$ cat target.txt   # compact mmCIF, C-alpha atoms
# COMPACT_ATOMS: atom_id res chain seq x y z
CA MET A 1 0.00 0.00 0.00
CA ALA A 2 1.40 3.41 -0.96
CA SER A 3 1.77 5.67 2.04
CA LYS A 4 -0.63 8.26 0.57
CA GLU A 5 -3.47 5.68 0.62
CA LYS A 6 -3.04 5.04 4.33
CA THR A 7 -5.82 6.07 6.68
CA LEU A 8 -6.35 6.69 10.38
CA ASP A 9 -7.40 3.00 10.67
CA ASP A 10 -3.89 2.02 9.58
CA LEU A 11 -2.30 4.45 12.03
CA PHE A 12 -4.55 3.15 14.83
CA LEU A 13 -3.58 -0.47 14.11
CA HIS A 14 0.11 0.43 13.88
CA THR A 15 0.04 2.26 17.21
CA LEU A 16 -1.96 -0.57 18.82
CA LYS A 17 0.82 -2.98 17.77
CA ASP A 18 3.39 -0.54 19.14
CA ILE A 19 1.83 -0.38 22.63
CA TYR A 20 1.18 -4.16 22.58
CA TYR A 21 4.91 -4.71 22.04
CA ALA A 22 5.69 -2.07 24.69
CA GLU A 23 3.42 -3.70 27.30
CA LYS A 24 5.08 -7.08 26.71
CA GLN A 25 8.53 -5.54 27.21
CA ILE A 26 7.30 -3.79 30.35
CA LEU A 27 5.89 -7.10 31.65
CA LYS A 28 9.40 -8.58 31.33
CA SER A 29 11.14 -5.62 32.97
CA LEU A 30 8.85 -5.16 35.99
CA PRO A 31 10.12 -8.22 37.92
CA LYS A 32 13.69 -6.95 37.41
CA MET A 33 12.76 -3.53 38.77
CA ALA A 34 10.91 -5.12 41.71
CA LYS A 35 13.97 -7.25 42.50
CA ALA A 36 16.31 -4.25 42.34
CA ALA A 37 14.15 -1.95 44.49
CA GLU A 38 15.40 -1.43 48.05
CA SER A 39 12.14 -0.34 49.67
CA ASP A 40 9.21 -2.67 50.30
CA GLU A 41 6.67 -0.10 49.10
CA LEU A 42 8.39 0.26 45.74
CA ARG A 43 8.74 -3.51 45.31
CA GLN A 44 5.06 -4.00 46.12
CA ALA A 45 4.08 -1.22 43.68
CA PHE A 46 5.93 -3.03 40.88
CA GLU A 47 4.42 -6.40 41.79
CA LEU A 48 0.92 -4.90 41.74
CA HIS A 49 1.62 -3.16 38.43
CA ARG A 50 2.86 -6.43 36.96
CA GLU A 51 -0.59 -7.96 37.57
CA GLU A 52 -2.28 -4.87 36.13
CA THR A 53 -0.04 -5.07 33.05
CA GLU A 54 -1.27 -8.63 32.40
CA GLY A 55 -4.84 -7.32 32.46
CA GLN A 56 -3.88 -4.48 30.12
CA ILE A 57 -2.35 -6.90 27.61
CA ASP A 58 -5.57 -8.91 27.79
CA ARG A 59 -7.61 -5.77 26.96
CA LEU A 60 -5.33 -5.03 23.99
CA GLU A 61 -5.91 -8.58 22.73
CA GLN A 62 -9.67 -7.95 22.98
CA ILE A 63 -9.23 -4.89 20.77
CA PHE A 64 -7.29 -6.89 18.15
CA GLU A 65 -10.18 -9.36 18.21
CA LEU A 66 -12.76 -6.57 17.80
CA LEU A 67 -10.78 -5.42 14.74
CA GLY A 68 -10.56 -8.98 13.38
CA LYS A 69 -6.75 -8.78 13.36
CA PRO A 70 -4.15 -11.10 14.91
CA ALA A 71 -2.63 -9.72 18.13
CA ARG A 72 0.88 -8.91 17.03
CA GLY A 73 3.46 -6.42 18.23
CA VAL A 74 5.74 -4.20 16.22
CA ALA A 75 9.14 -3.19 17.60
CA CYS A 76 8.81 0.07 19.50
CA GLU A 77 12.12 1.94 19.64
CA ALA A 78 10.73 4.38 22.19
CA ILE A 79 10.04 1.78 24.89
CA ASN A 80 13.28 -0.04 24.04
CA GLY A 81 15.16 3.21 24.69
CA ILE A 82 13.29 3.94 27.92
CA ILE A 83 13.93 0.42 29.26
CA GLU A 84 17.58 0.57 28.15
CA GLU A 85 18.04 3.77 30.19
CA SER A 86 16.35 2.16 33.15
CA LYS A 87 18.84 -0.76 33.02
CA GLU A 88 21.77 1.66 32.89
CA ILE A 89 20.51 3.52 35.97
CA MET A 90 20.05 0.24 37.88
CA GLU A 91 23.62 -0.75 37.03
CA ASP A 92 25.28 2.64 37.56
CA PHE A 93 23.54 3.27 40.90
CA ALA A 94 23.50 -0.32 42.23
CA ASP A 95 23.87 -0.41 46.04
CA SER A 96 23.87 3.40 46.22
CA GLU A 97 21.57 5.58 48.32
CA ALA A 98 20.08 6.98 45.08
CA LEU A 99 19.09 3.60 43.60
CA ASP A 100 15.37 3.74 44.46
CA ALA A 101 15.11 7.37 43.33
CA GLY A 102 16.59 6.30 39.98
CA ILE A 103 14.28 3.27 39.64
CA LEU A 104 11.25 5.44 40.47
CA SER A 105 12.28 7.97 37.85
CA SER A 106 12.67 5.23 35.21
CA ALA A 107 9.30 3.73 36.09
CA GLN A 108 7.63 7.11 35.72
CA ALA A 109 9.18 7.54 32.27
CA VAL A 110 7.58 4.19 31.32
CA GLU A 111 4.20 5.29 32.71
CA HIS A 112 4.28 8.59 30.82
CA TYR A 113 4.98 6.77 27.56
CA GLU A 114 1.95 4.55 28.16
CA ILE A 115 -0.22 7.51 29.19
CA THR A 116 0.52 9.41 25.99
CA ARG A 117 -0.04 6.34 23.78
CA TYR A 118 -3.33 5.34 25.45
CA GLY A 119 -4.56 8.96 25.35
CA THR A 120 -3.87 9.10 21.60
CA LEU A 121 -5.36 5.66 20.88
CA LYS A 122 -8.52 6.47 22.85
CA THR A 123 -9.01 9.72 20.85
CA TRP A 124 -8.55 7.86 17.56
CA ALA A 125 -10.86 4.98 18.60
CA SER A 126 -13.62 7.52 19.32
CA GLN A 127 -12.99 9.24 16.01
CA LEU A 128 -13.21 5.88 14.20
CA GLY A 129 -16.47 4.99 16.01
CA LEU A 130 -14.77 2.08 17.81
CA ASN A 131 -16.57 2.68 21.09
CA ASP A 132 -15.80 -0.68 22.72
CA ALA A 133 -12.12 -0.22 21.91
CA ALA A 134 -12.23 3.34 23.28
CA SER A 135 -13.67 2.03 26.54
CA LEU A 136 -10.98 -0.67 26.89
CA LEU A 137 -8.24 1.87 26.12
CA ASP A 138 -9.68 4.25 28.69
CA GLN A 139 -9.47 1.50 31.33
CA ASN A 140 -5.77 1.05 30.57
CA LEU A 141 -5.25 4.84 30.54
CA GLN A 142 -6.85 5.29 33.97
CA GLU A 143 -4.74 2.45 35.45
CA GLU A 144 -1.53 4.00 34.10
CA LYS A 145 -2.46 7.43 35.48
CA LYS A 146 -3.17 5.84 38.88
CA THR A 147 0.20 4.07 38.83
CA ASP A 148 2.03 7.28 37.88
CA LYS A 149 0.31 9.08 40.76
CA LEU A 150 1.30 6.31 43.19
CA LEU A 151 4.93 6.51 42.00
CA SER A 152 4.91 10.31 42.45
CA GLN A 153 3.61 9.83 46.00
CA LEU A 154 6.39 7.32 46.73
CA ALA A 155 8.97 9.77 45.33
CA GLU A 156 7.64 12.63 47.47
CA ALA A 157 7.45 10.42 50.57
CA ARG A 158 11.16 9.68 50.09
CA VAL A 159 11.87 13.43 50.01
CA ASN A 160 9.85 14.05 53.18
CA ALA A 161 11.46 11.10 54.98
CA LYS A 162 14.94 12.49 54.20
CA ALA A 163 13.92 15.99 55.33
CA ALA A 164 12.53 14.70 58.68
CA MET B 1 33.75 6.19 41.77
CA ALA B 2 32.20 2.90 42.89
CA SER B 3 28.47 2.85 42.26
CA LYS B 4 27.72 2.33 45.97
CA GLU B 5 29.33 5.71 46.76
CA LYS B 6 27.05 7.55 44.38
CA THR B 7 24.51 9.99 45.77
CA LEU B 8 21.37 11.79 44.70
CA ASP B 9 23.62 14.69 43.55
CA ASP B 10 25.20 12.32 41.02
CA LEU B 11 21.80 11.07 39.85
CA PHE B 12 20.55 14.67 39.53
CA LEU B 13 23.57 15.68 37.42
CA HIS B 14 23.26 12.55 35.25
CA THR B 15 19.57 13.21 34.59
CA LEU B 16 20.23 16.91 33.92
CA LYS B 17 22.74 15.85 31.23
CA ASP B 18 20.15 13.41 29.86
CA ILE B 19 17.44 16.07 29.42
CA TYR B 20 20.01 18.58 28.09
CA TYR B 21 20.92 16.09 25.35
CA ALA B 22 17.21 15.38 24.79
CA GLU B 23 16.30 19.08 24.41
CA LYS B 24 19.09 19.54 21.86
CA GLN B 25 17.80 16.59 19.82
CA ILE B 26 14.26 17.98 20.05
CA LEU B 27 15.49 21.39 18.86
CA LYS B 28 16.86 19.67 15.76
CA SER B 29 13.72 17.63 15.10
CA LEU B 30 11.10 20.40 15.56
CA PRO B 31 11.79 22.16 12.24
CA LYS B 32 11.44 18.78 10.47
CA MET B 33 8.08 18.18 12.16
CA ALA B 34 6.95 21.74 11.34
CA LYS B 35 7.92 21.22 7.70
CA ALA B 36 6.08 17.89 7.50
CA ALA B 37 2.87 19.11 9.15
CA GLU B 38 -0.05 19.69 6.80
CA SER B 39 -2.09 22.08 8.93
CA ASP B 40 -1.07 25.67 9.63
CA GLU B 41 -2.03 25.39 13.34
CA LEU B 42 0.26 22.40 13.85
CA ARG B 43 3.15 24.04 11.99
CA GLN B 44 2.75 27.21 14.08
CA ALA B 45 2.63 25.17 17.29
CA PHE B 46 5.98 23.54 16.40
CA GLU B 47 7.54 26.89 15.46
CA LEU B 48 6.44 28.39 18.77
CA HIS B 49 7.72 25.35 20.65
CA ARG B 50 11.06 25.63 18.90
CA GLU B 51 11.52 29.10 20.39
CA GLU B 52 10.43 27.83 23.81
CA THR B 53 12.91 24.97 23.54
CA GLU B 54 15.76 27.45 23.04
CA GLY B 55 14.71 29.17 26.28
CA GLN B 56 14.53 25.81 28.05
CA ILE B 57 18.06 24.92 26.97
CA ASP B 58 19.19 28.30 28.28
CA ARG B 59 17.60 27.54 31.68
CA LEU B 60 19.35 24.16 31.79
CA GLU B 61 22.66 25.92 31.11
CA GLN B 62 21.93 28.25 34.04
CA ILE B 63 21.50 25.17 36.25
CA PHE B 64 24.83 23.68 35.13
CA GLU B 65 26.36 27.05 36.03
CA LEU B 66 24.69 27.04 39.46
CA LEU B 67 26.22 23.59 40.01
CA GLY B 68 29.63 24.77 38.80
CA LYS B 69 29.66 22.06 36.11
CA PRO B 70 30.17 22.34 32.35
CA ALA B 71 26.93 22.11 30.34
CA ARG B 72 27.31 18.73 28.71
CA GLY B 73 24.80 16.19 27.42
CA VAL B 74 24.86 12.44 27.79
CA ALA B 75 23.28 10.22 25.11
CA CYS B 76 19.66 9.56 26.00
CA GLU B 77 18.40 6.34 24.41
CA ALA B 78 14.82 7.16 25.38
CA ILE B 79 14.57 10.38 23.34
CA ASN B 80 16.55 8.78 20.50
CA GLY B 81 13.92 6.02 20.37
CA ILE B 82 10.99 8.43 20.55
CA ILE B 83 12.43 10.61 17.74
CA GLU B 84 13.27 7.50 15.67
CA GLU B 85 9.61 6.40 15.89
CA SER B 86 8.47 9.86 14.94
CA LYS B 87 10.63 9.74 11.77
CA GLU B 88 9.19 6.34 10.85
CA ILE B 89 5.64 7.66 11.20
CA MET B 90 6.43 10.71 9.05
CA GLU B 91 7.85 8.43 6.34
CA ASP B 92 5.22 5.69 6.50
CA PHE B 93 2.29 8.12 6.51
CA ALA B 94 3.74 10.78 4.16
CA ASP B 95 1.01 12.42 2.03
CA SER B 96 -1.69 10.39 3.77
CA GLU B 97 -4.79 11.76 5.50
CA ALA B 98 -3.42 10.42 8.82
CA LEU B 99 -0.08 12.26 8.65
CA ASP B 100 -0.93 15.12 11.01
CA ALA B 101 -2.56 12.74 13.50
CA GLY B 102 0.67 10.72 13.50
CA ILE B 103 2.89 13.80 13.91
CA LEU B 104 0.70 15.05 16.78
CA SER B 105 0.95 11.67 18.48
CA SER B 106 4.75 11.66 18.15
CA ALA B 107 5.02 15.22 19.48
CA GLN B 108 2.93 14.29 22.51
CA ALA B 109 5.23 11.34 23.24
CA VAL B 110 8.14 13.82 23.24
CA GLU B 111 6.26 16.18 25.59
CA HIS B 112 5.43 13.37 28.02
CA TYR B 113 9.07 12.33 28.19
CA GLU B 114 10.04 15.90 29.05
CA ILE B 115 7.20 16.25 31.58
CA THR B 116 8.28 13.13 33.48
CA ARG B 117 11.96 14.16 33.48
CA TYR B 118 11.31 17.74 34.61
CA GLY B 119 8.90 16.54 37.31
CA THR B 120 11.57 14.18 38.65
CA LEU B 121 14.39 16.76 38.44
CA LYS B 122 12.28 19.39 40.21
CA THR B 123 11.52 16.97 43.08
CA TRP B 124 15.23 16.09 43.43
CA ALA B 125 16.33 19.76 43.24
CA SER B 126 14.01 20.57 46.16
CA GLN B 127 15.30 17.57 48.09
CA LEU B 128 18.89 18.73 47.52
CA GLY B 129 18.05 22.30 48.62
CA LEU B 130 18.76 23.64 45.10
CA ASN B 131 15.89 26.11 45.15
CA ASP B 132 16.99 28.23 42.17
CA ALA B 133 17.41 25.09 40.08
CA ALA B 134 13.97 23.84 41.23
CA SER B 135 12.41 27.12 40.09
CA LEU B 136 14.08 26.97 36.65
CA LEU B 137 13.01 23.33 36.23
CA ASP B 138 9.46 24.22 37.20
CA GLN B 139 9.39 26.88 34.46
CA ASN B 140 10.38 24.26 31.89
CA LEU B 141 7.85 21.79 33.34
CA GLN B 142 4.97 24.27 33.09
CA GLU B 143 5.87 25.13 29.47
CA GLU B 144 5.92 21.44 28.51
CA LYS B 145 2.56 20.84 30.17
CA LYS B 146 1.10 23.83 28.33
CA THR B 147 2.47 22.51 25.02
CA ASP B 148 1.05 19.03 25.67
CA LYS B 149 -2.36 20.57 26.41
CA LEU B 150 -2.23 22.62 23.20
CA LEU B 151 -1.36 19.47 21.19
CA SER B 152 -4.27 17.60 22.83
CA GLN B 153 -6.59 20.44 21.86
CA LEU B 154 -5.32 20.31 18.27
CA ALA B 155 -5.87 16.53 18.22
CA GLU B 156 -9.41 16.89 19.53
CA ALA B 157 -10.19 19.75 17.13
CA ARG B 158 -9.23 17.39 14.29
CA VAL B 159 -11.70 14.81 15.60
CA ASN B 160 -14.48 17.39 15.85
CA ALA B 161 -13.73 18.79 12.40
CA LYS B 162 -13.97 15.29 10.88
CA ALA B 163 -17.23 14.59 12.73
CA ALA B 164 -18.80 17.88 11.55
$ encode --input "target.txt" --output "structure tokens"
Amino acid sequence: MASKEKTLDDLFLHTLKDIYYAEKQILKSLPKMAKAAESDELRQAFELHREETEGQIDRLEQIFELLGKPARGVACEAINGIIEESKEIMEDFADSEALDAGILSSAQAVEHYEITRYGTLKTWASQLGLNDAASLLDQNLQEEKKTDKLLSQLAEARVNAKAA
Amino acid sequence: MASKEKTLDDLFLHTLKDIYYAEKQILKSLPKMAKAAESDELRQAFELHREETEGQIDRLEQIFELLGKPARGVACEAINGIIEESKEIMEDFADSEALDAGILSSAQAVEHYEITRYGTLKTWASQLGLNDAASLLDQNLQEEKKTDKLLSQLAEARVNAKAA
């Protein structure tokens, strides 16, 4: 298909494959982040988010089914880069007092990538009249926003604990 | 320096270098996105954001100066990945009806990366008692949030225009 013939449906499907790949990479990286985290709260937050991520992947598979397309990912250089940076931080700050701050920061970068992608996909699904898909995407979006808020609270609690 | 001796100051400086590199890459990519955009509103938004980005880089240089460190970037795989994806979308959807939607989506991914990094850096600056740095970072954060909101409005205006 020539690029000029492409439509918003094609862009929606492409971006759905992109976030599907991203979620699968995130699912693999969360146990590593949980293992590296020093604080119990942070470890528990990652373990909870791992379960949520499984549910989110399930919702994405429902959307592929609604579209009559096989659930298939497409390599997403953005999430690969974000996860690569997160690995570097975990290595460079291993055993240091700043390790958890660095892991929290990496996890929030992941959340913001998901928030922007789900926000975009939900807008497009509505535009395309895919209301069931829009509803499933909104559920993922709200979970990601909740997780980002929780991570911000953990980051601020660290600041307050140090100040006390 | 062994990683276990590293402190939050080191993590702050590392992440400052990361966003400094990222802003410089964004400065280079904004004119390309402006040139590719089909709608006047989107092109103007990118041109305005290019000017803002120059001011943001200037604020980051002020922070390096406050720290007594040379302003120097460090390769940021996350922004490289996000910009790489944005280039792919511009190529794959060139001349198509979905091009502007794709460019908007890419630009919002860039904004969200900056929002998460500035939010984190501002929190750390406060924790480290770097109040002038925290204020400069907050100025960048508020500009990025405003840009993301403007891009969301442009994306929704597209949806409404199509529905009308």
$ atom_distance --input "target.txt" --atom1 "CA of Val110 (chain B)" --atom2 "CA of Ile89 (chain B)"
13.8 Å
$ calpha_fit_and_write --input "target.txt" --fixed "chain B" --moving "chain A" --output "mmCIF file with C-alpha atoms, in the frame of the given file"
data_model
loop_
_atom_site.group_PDB
_atom_site.id
_atom_site.type_symbol
_atom_site.label_atom_id
_atom_site.label_comp_id
_atom_site.auth_asym_id
_atom_site.auth_seq_id
_atom_site.Cartn_x
_atom_site.Cartn_y
_atom_site.Cartn_z
ATOM 1 C CA MET A 1 33.726 6.185 41.777
ATOM 2 C CA ALA A 2 32.163 2.882 42.851
ATOM 3 C CA SER A 3 28.441 2.823 42.233
ATOM 4 C CA LYS A 4 27.682 2.306 45.946
ATOM 5 C CA GLU A 5 29.302 5.687 46.764
ATOM 6 C CA LYS A 6 27.028 7.539 44.364
ATOM 7 C CA THR A 7 24.512 9.986 45.776
ATOM 8 C CA LEU A 8 21.358 11.785 44.693
ATOM 9 C CA ASP A 9 23.614 14.684 43.548
ATOM 10 C CA ASP A 10 25.196 12.321 41.021
ATOM 11 C CA LEU A 11 21.802 11.076 39.851
ATOM 12 C CA PHE A 12 20.554 14.673 39.537
ATOM 13 C CA LEU A 13 23.571 15.676 37.426
ATOM 14 C CA HIS A 14 23.252 12.563 35.261
ATOM 15 C CA THR A 15 19.564 13.201 34.600
ATOM 16 C CA LEU A 16 20.236 16.903 33.934
ATOM 17 C CA LYS A 17 22.735 15.848 31.235
ATOM 18 C CA ASP A 18 20.159 13.413 29.868
ATOM 19 C CA ILE A 19 17.438 16.064 29.420
ATOM 20 C CA TYR A 20 20.017 18.578 28.100
ATOM 21 C CA TYR A 21 20.911 16.093 25.356
ATOM 22 C CA ALA A 22 17.201 15.377 24.786
ATOM 23 C CA GLU A 23 16.316 19.079 24.418
ATOM 24 C CA LYS A 24 19.098 19.543 21.854
ATOM 25 C CA GLN A 25 17.800 16.590 19.824
ATOM 26 C CA ILE A 26 14.268 17.967 20.067
ATOM 27 C CA LEU A 27 15.513 21.386 18.885
ATOM 28 C CA LYS A 28 16.869 19.672 15.749
ATOM 29 C CA SER A 29 13.715 17.641 15.112
ATOM 30 C CA LEU A 30 11.110 20.395 15.570
ATOM 31 C CA PRO A 31 11.812 22.161 12.240
ATOM 32 C CA LYS A 32 11.444 18.790 10.475
ATOM 33 C CA MET A 33 8.094 18.179 12.154
ATOM 34 C CA ALA A 34 6.954 21.733 11.339
ATOM 35 C CA LYS A 35 7.921 21.220 7.689
ATOM 36 C CA ALA A 36 6.081 17.892 7.492
ATOM 37 C CA ALA A 37 2.871 19.118 9.157
ATOM 38 C CA GLU A 38 -0.053 19.698 6.786
ATOM 39 C CA SER A 39 -2.090 22.085 8.929
ATOM 40 C CA ASP A 40 -1.069 25.668 9.656
ATOM 41 C CA GLU A 41 -2.016 25.387 13.333
ATOM 42 C CA LEU A 42 0.262 22.401 13.852
ATOM 43 C CA ARG A 43 3.147 24.047 11.985
ATOM 44 C CA GLN A 44 2.763 27.205 14.062
ATOM 45 C CA ALA A 45 2.635 25.152 17.289
ATOM 46 C CA PHE A 46 5.979 23.551 16.399
ATOM 47 C CA GLU A 47 7.548 26.883 15.449
ATOM 48 C CA LEU A 48 6.450 28.401 18.764
ATOM 49 C CA HIS A 49 7.722 25.365 20.673
ATOM 50 C CA ARG A 50 11.061 25.629 18.891
ATOM 51 C CA GLU A 51 11.536 29.112 20.395
ATOM 52 C CA GLU A 52 10.440 27.850 23.813
ATOM 53 C CA THR A 53 12.911 24.957 23.546
ATOM 54 C CA GLU A 54 15.762 27.452 23.046
ATOM 55 C CA GLY A 55 14.711 29.176 26.269
ATOM 56 C CA GLN A 56 14.533 25.822 28.052
ATOM 57 C CA ILE A 57 18.068 24.916 26.964
ATOM 58 C CA ASP A 58 19.192 28.302 28.274
ATOM 59 C CA ARG A 59 17.603 27.543 31.681
ATOM 60 C CA LEU A 60 19.356 24.155 31.785
ATOM 61 C CA GLU A 61 22.670 25.910 31.104
ATOM 62 C CA GLN A 62 21.934 28.231 34.048
ATOM 63 C CA ILE A 63 21.495 25.170 36.257
ATOM 64 C CA PHE A 64 24.839 23.701 35.124
ATOM 65 C CA GLU A 65 26.375 27.060 36.027
ATOM 66 C CA LEU A 66 24.697 27.064 39.461
ATOM 67 C CA LEU A 67 26.228 23.608 40.026
ATOM 68 C CA GLY A 68 29.649 24.778 38.800
ATOM 69 C CA LYS A 69 29.654 22.074 36.109
ATOM 70 C CA PRO A 70 30.177 22.344 32.341
ATOM 71 C CA ALA A 71 26.929 22.100 30.349
ATOM 72 C CA ARG A 72 27.303 18.740 28.689
ATOM 73 C CA GLY A 73 24.819 16.188 27.420
ATOM 74 C CA VAL A 74 24.864 12.441 27.777
ATOM 75 C CA ALA A 75 23.279 10.240 25.107
ATOM 76 C CA CYS A 76 19.661 9.572 26.011
ATOM 77 C CA GLU A 77 18.400 6.357 24.414
ATOM 78 C CA ALA A 78 14.827 7.176 25.390
ATOM 79 C CA ILE A 79 14.587 10.388 23.351
ATOM 80 C CA ASN A 80 16.553 8.790 20.503
ATOM 81 C CA GLY A 81 13.934 6.026 20.377
ATOM 82 C CA ILE A 82 11.006 8.446 20.556
ATOM 83 C CA ILE A 83 12.432 10.610 17.749
ATOM 84 C CA GLU A 84 13.266 7.517 15.673
ATOM 85 C CA GLU A 85 9.613 6.413 15.900
ATOM 86 C CA SER A 86 8.477 9.879 14.949
ATOM 87 C CA LYS A 87 10.637 9.747 11.777
ATOM 88 C CA GLU A 88 9.188 6.355 10.854
ATOM 89 C CA ILE A 89 5.623 7.663 11.200
ATOM 90 C CA MET A 90 6.432 10.715 9.044
ATOM 91 C CA GLU A 91 7.846 8.433 6.353
ATOM 92 C CA ASP A 92 5.212 5.683 6.514
ATOM 93 C CA PHE A 93 2.276 8.123 6.496
ATOM 94 C CA ALA A 94 3.734 10.783 4.160
ATOM 95 C CA ASP A 95 1.012 12.418 2.021
ATOM 96 C CA SER A 96 -1.705 10.392 3.770
ATOM 97 C CA GLU A 97 -4.802 11.755 5.504
ATOM 98 C CA ALA A 98 -3.424 10.427 8.822
ATOM 99 C CA LEU A 99 -0.077 12.260 8.630
ATOM 100 C CA ASP A 100 -0.927 15.120 11.016
ATOM 101 C CA ALA A 101 -2.570 12.738 13.496
ATOM 102 C CA GLY A 102 0.664 10.713 13.498
ATOM 103 C CA ILE A 103 2.892 13.796 13.897
ATOM 104 C CA LEU A 104 0.710 15.048 16.769
ATOM 105 C CA SER A 105 0.951 11.683 18.486
ATOM 106 C CA SER A 106 4.760 11.665 18.143
ATOM 107 C CA ALA A 107 5.020 15.207 19.474
ATOM 108 C CA GLN A 108 2.943 14.287 22.505
ATOM 109 C CA ALA A 109 5.234 11.334 23.225
ATOM 110 C CA VAL A 110 8.151 13.819 23.241
ATOM 111 C CA GLU A 111 6.272 16.171 25.587
ATOM 112 C CA HIS A 112 5.423 13.376 28.022
ATOM 113 C CA TYR A 113 9.073 12.339 28.192
ATOM 114 C CA GLU A 114 10.038 15.914 29.060
ATOM 115 C CA ILE A 115 7.202 16.241 31.585
ATOM 116 C CA THR A 116 8.286 13.142 33.489
ATOM 117 C CA ARG A 117 11.972 14.160 33.479
ATOM 118 C CA TYR A 118 11.316 17.751 34.613
ATOM 119 C CA GLY A 119 8.892 16.529 37.308
ATOM 120 C CA THR A 120 11.572 14.175 38.663
ATOM 121 C CA LEU A 121 14.385 16.747 38.445
ATOM 122 C CA LYS A 122 12.284 19.390 40.212
ATOM 123 C CA THR A 123 11.530 16.956 43.094
ATOM 124 C CA TRP A 124 15.222 16.090 43.435
ATOM 125 C CA ALA A 125 16.336 19.755 43.246
ATOM 126 C CA SER A 126 13.993 20.565 46.151
ATOM 127 C CA GLN A 127 15.276 17.588 48.101
ATOM 128 C CA LEU A 128 18.876 18.729 47.511
ATOM 129 C CA GLY A 129 18.043 22.306 48.609
ATOM 130 C CA LEU A 130 18.753 23.634 45.098
ATOM 131 C CA ASN A 131 15.879 26.104 45.139
ATOM 132 C CA ASP A 132 16.989 28.231 42.175
ATOM 133 C CA ALA A 133 17.393 25.089 40.082
ATOM 134 C CA ALA A 134 13.969 23.850 41.222
ATOM 135 C CA SER A 135 12.417 27.125 40.088
ATOM 136 C CA LEU A 136 14.082 26.967 36.645
ATOM 137 C CA LEU A 137 13.015 23.328 36.226
ATOM 138 C CA ASP A 138 9.466 24.224 37.199
ATOM 139 C CA GLN A 139 9.402 26.879 34.457
ATOM 140 C CA ASN A 140 10.388 24.253 31.888
ATOM 141 C CA LEU A 141 7.856 21.784 33.346
ATOM 142 C CA GLN A 142 4.980 24.273 33.096
ATOM 143 C CA GLU A 143 5.891 25.131 29.470
ATOM 144 C CA GLU A 144 5.937 21.443 28.506
ATOM 145 C CA LYS A 145 2.566 20.836 30.181
ATOM 146 C CA LYS A 146 1.126 23.839 28.309
ATOM 147 C CA THR A 147 2.476 22.511 25.006
ATOM 148 C CA ASP A 148 1.056 19.031 25.664
ATOM 149 C CA LYS A 149 -2.336 20.588 26.415
ATOM 150 C CA LEU A 150 -2.207 22.624 23.191
ATOM 151 C CA LEU A 151 -1.349 19.478 21.192
ATOM 152 C CA SER A 152 -4.258 17.601 22.822
ATOM 153 C CA GLN A 153 -6.581 20.460 21.846
ATOM 154 C CA LEU A 154 -5.321 20.319 18.247
ATOM 155 C CA ALA A 155 -5.870 16.535 18.203
ATOM 156 C CA GLU A 156 -9.425 16.882 19.532
ATOM 157 C CA ALA A 157 -10.207 19.731 17.124
ATOM 158 C CA ARG A 158 -9.229 17.394 14.273
ATOM 159 C CA VAL A 159 -11.691 14.794 15.597
ATOM 160 C CA ASN A 160 -14.505 17.349 15.861
ATOM 161 C CA ALA A 161 -13.771 18.761 12.397
ATOM 162 C CA LYS A 162 -14.026 15.253 10.885
ATOM 163 C CA ALA A 163 -17.264 14.549 12.779
ATOM 164 C CA ALA A 164 -18.893 17.822 11.574
#
$ interface_residues --input "target.txt" --of "chain A" --to "chain B" --cutoff "7 Å" --atoms "all atoms listed in the file" --output "ChimeraX atom specification"
/A:3-8,11,77-78,81-82,84-85,92-98,105,108-109,112-113,116,120,127,159
$ closest_residue --input "target.txt" --among "A:Ile103, A:Leu151, A:Leu137, A:Ala157" --to "Glu38 (chain A)" --atoms "only C-alpha atoms"
A:Ile103
$ atom_distance --input "target.txt" --atom1 "CA of Leu150 (chain B)" --atom2 "CA of Ala34 (chain B)"
15.0 Å
$ atom_distance --input "target.txt" --atom1 "CA of Glu47 (chain A)" --atom2 "CA of Ala22 (chain A)"
17.7 Å
$ closest_residue --input "target.txt" --among "A:Lys122, A:His49, A:Arg72, A:Lys28" --to "Ala134 (chain A)" --atoms "all atoms listed in the file"
A:Lys122
$ residues_around --input "target.txt" --residues "Phe46 (chain A)" --least-positions-apart "4" --cutoff "7 Å" --atoms "all atoms listed in the file" --output "ChimeraX atom specification"
/A:30,34,42,50
$ write_last_selection --input "target.txt" --atoms "C-alpha atoms" --output "PDB file, in the frame of the given file"
ATOM      1  CA  LEU A  30       8.850  -5.160  35.990  1.00  0.00           C
ATOM      2  CA  ALA A  34      10.910  -5.120  41.710  1.00  0.00           C
ATOM      3  CA  LEU A  42       8.390   0.260  45.740  1.00  0.00           C
ATOM      4  CA  ARG A  50       2.860  -6.430  36.960  1.00  0.00           C
TER       5      ARG A  50
END
$ axis_aligned_box --input "target.txt" --around "region 101-116 of chain A" --padding-each-side "5 Å" --output "AutoDock Vina command-line options"
--center_x 8.2 --center_y 6.3 --center_z 34.7 --size_x 26.8 --size_y 16.1 --size_z 27.3
$ closest_residue --input "target.txt" --among "B:Leu27, B:Ile19, B:Leu141, B:Leu136" --to "Glu51 (chain B)" --atoms "only C-alpha atoms"
B:Leu27
$ decode --input "target.txt" --residues "region 94-105 of chain B" --atoms "C-alpha atoms" --output "mmCIF file, in the first residue's frame"
data_model
loop_
_atom_site.group_PDB
_atom_site.id
_atom_site.type_symbol
_atom_site.label_atom_id
_atom_site.label_comp_id
_atom_site.auth_asym_id
_atom_site.auth_seq_id
_atom_site.Cartn_x
_atom_site.Cartn_y
_atom_site.Cartn_z
ATOM 1 C CA ALA B 94 3.745 10.779 4.159
ATOM 2 C CA ASP B 95 1.011 12.419 2.032
ATOM 3 C CA SER B 96 -1.690 10.387 3.772
ATOM 4 C CA GLU B 97 -4.793 11.765 5.505
ATOM 5 C CA ALA B 98 -3.421 10.419 8.823
ATOM 6 C CA LEU B 99 -0.079 12.256 8.650
ATOM 7 C CA ASP B 100 -0.926 15.117 11.007
ATOM 8 C CA ALA B 101 -2.556 12.739 13.501
ATOM 9 C CA GLY B 102 0.671 10.715 13.502
ATOM 10 C CA ILE B 103 2.887 13.795 13.909
ATOM 11 C CA LEU B 104 0.701 15.047 16.777
ATOM 12 C CA SER B 105 0.945 11.672 18.484
#
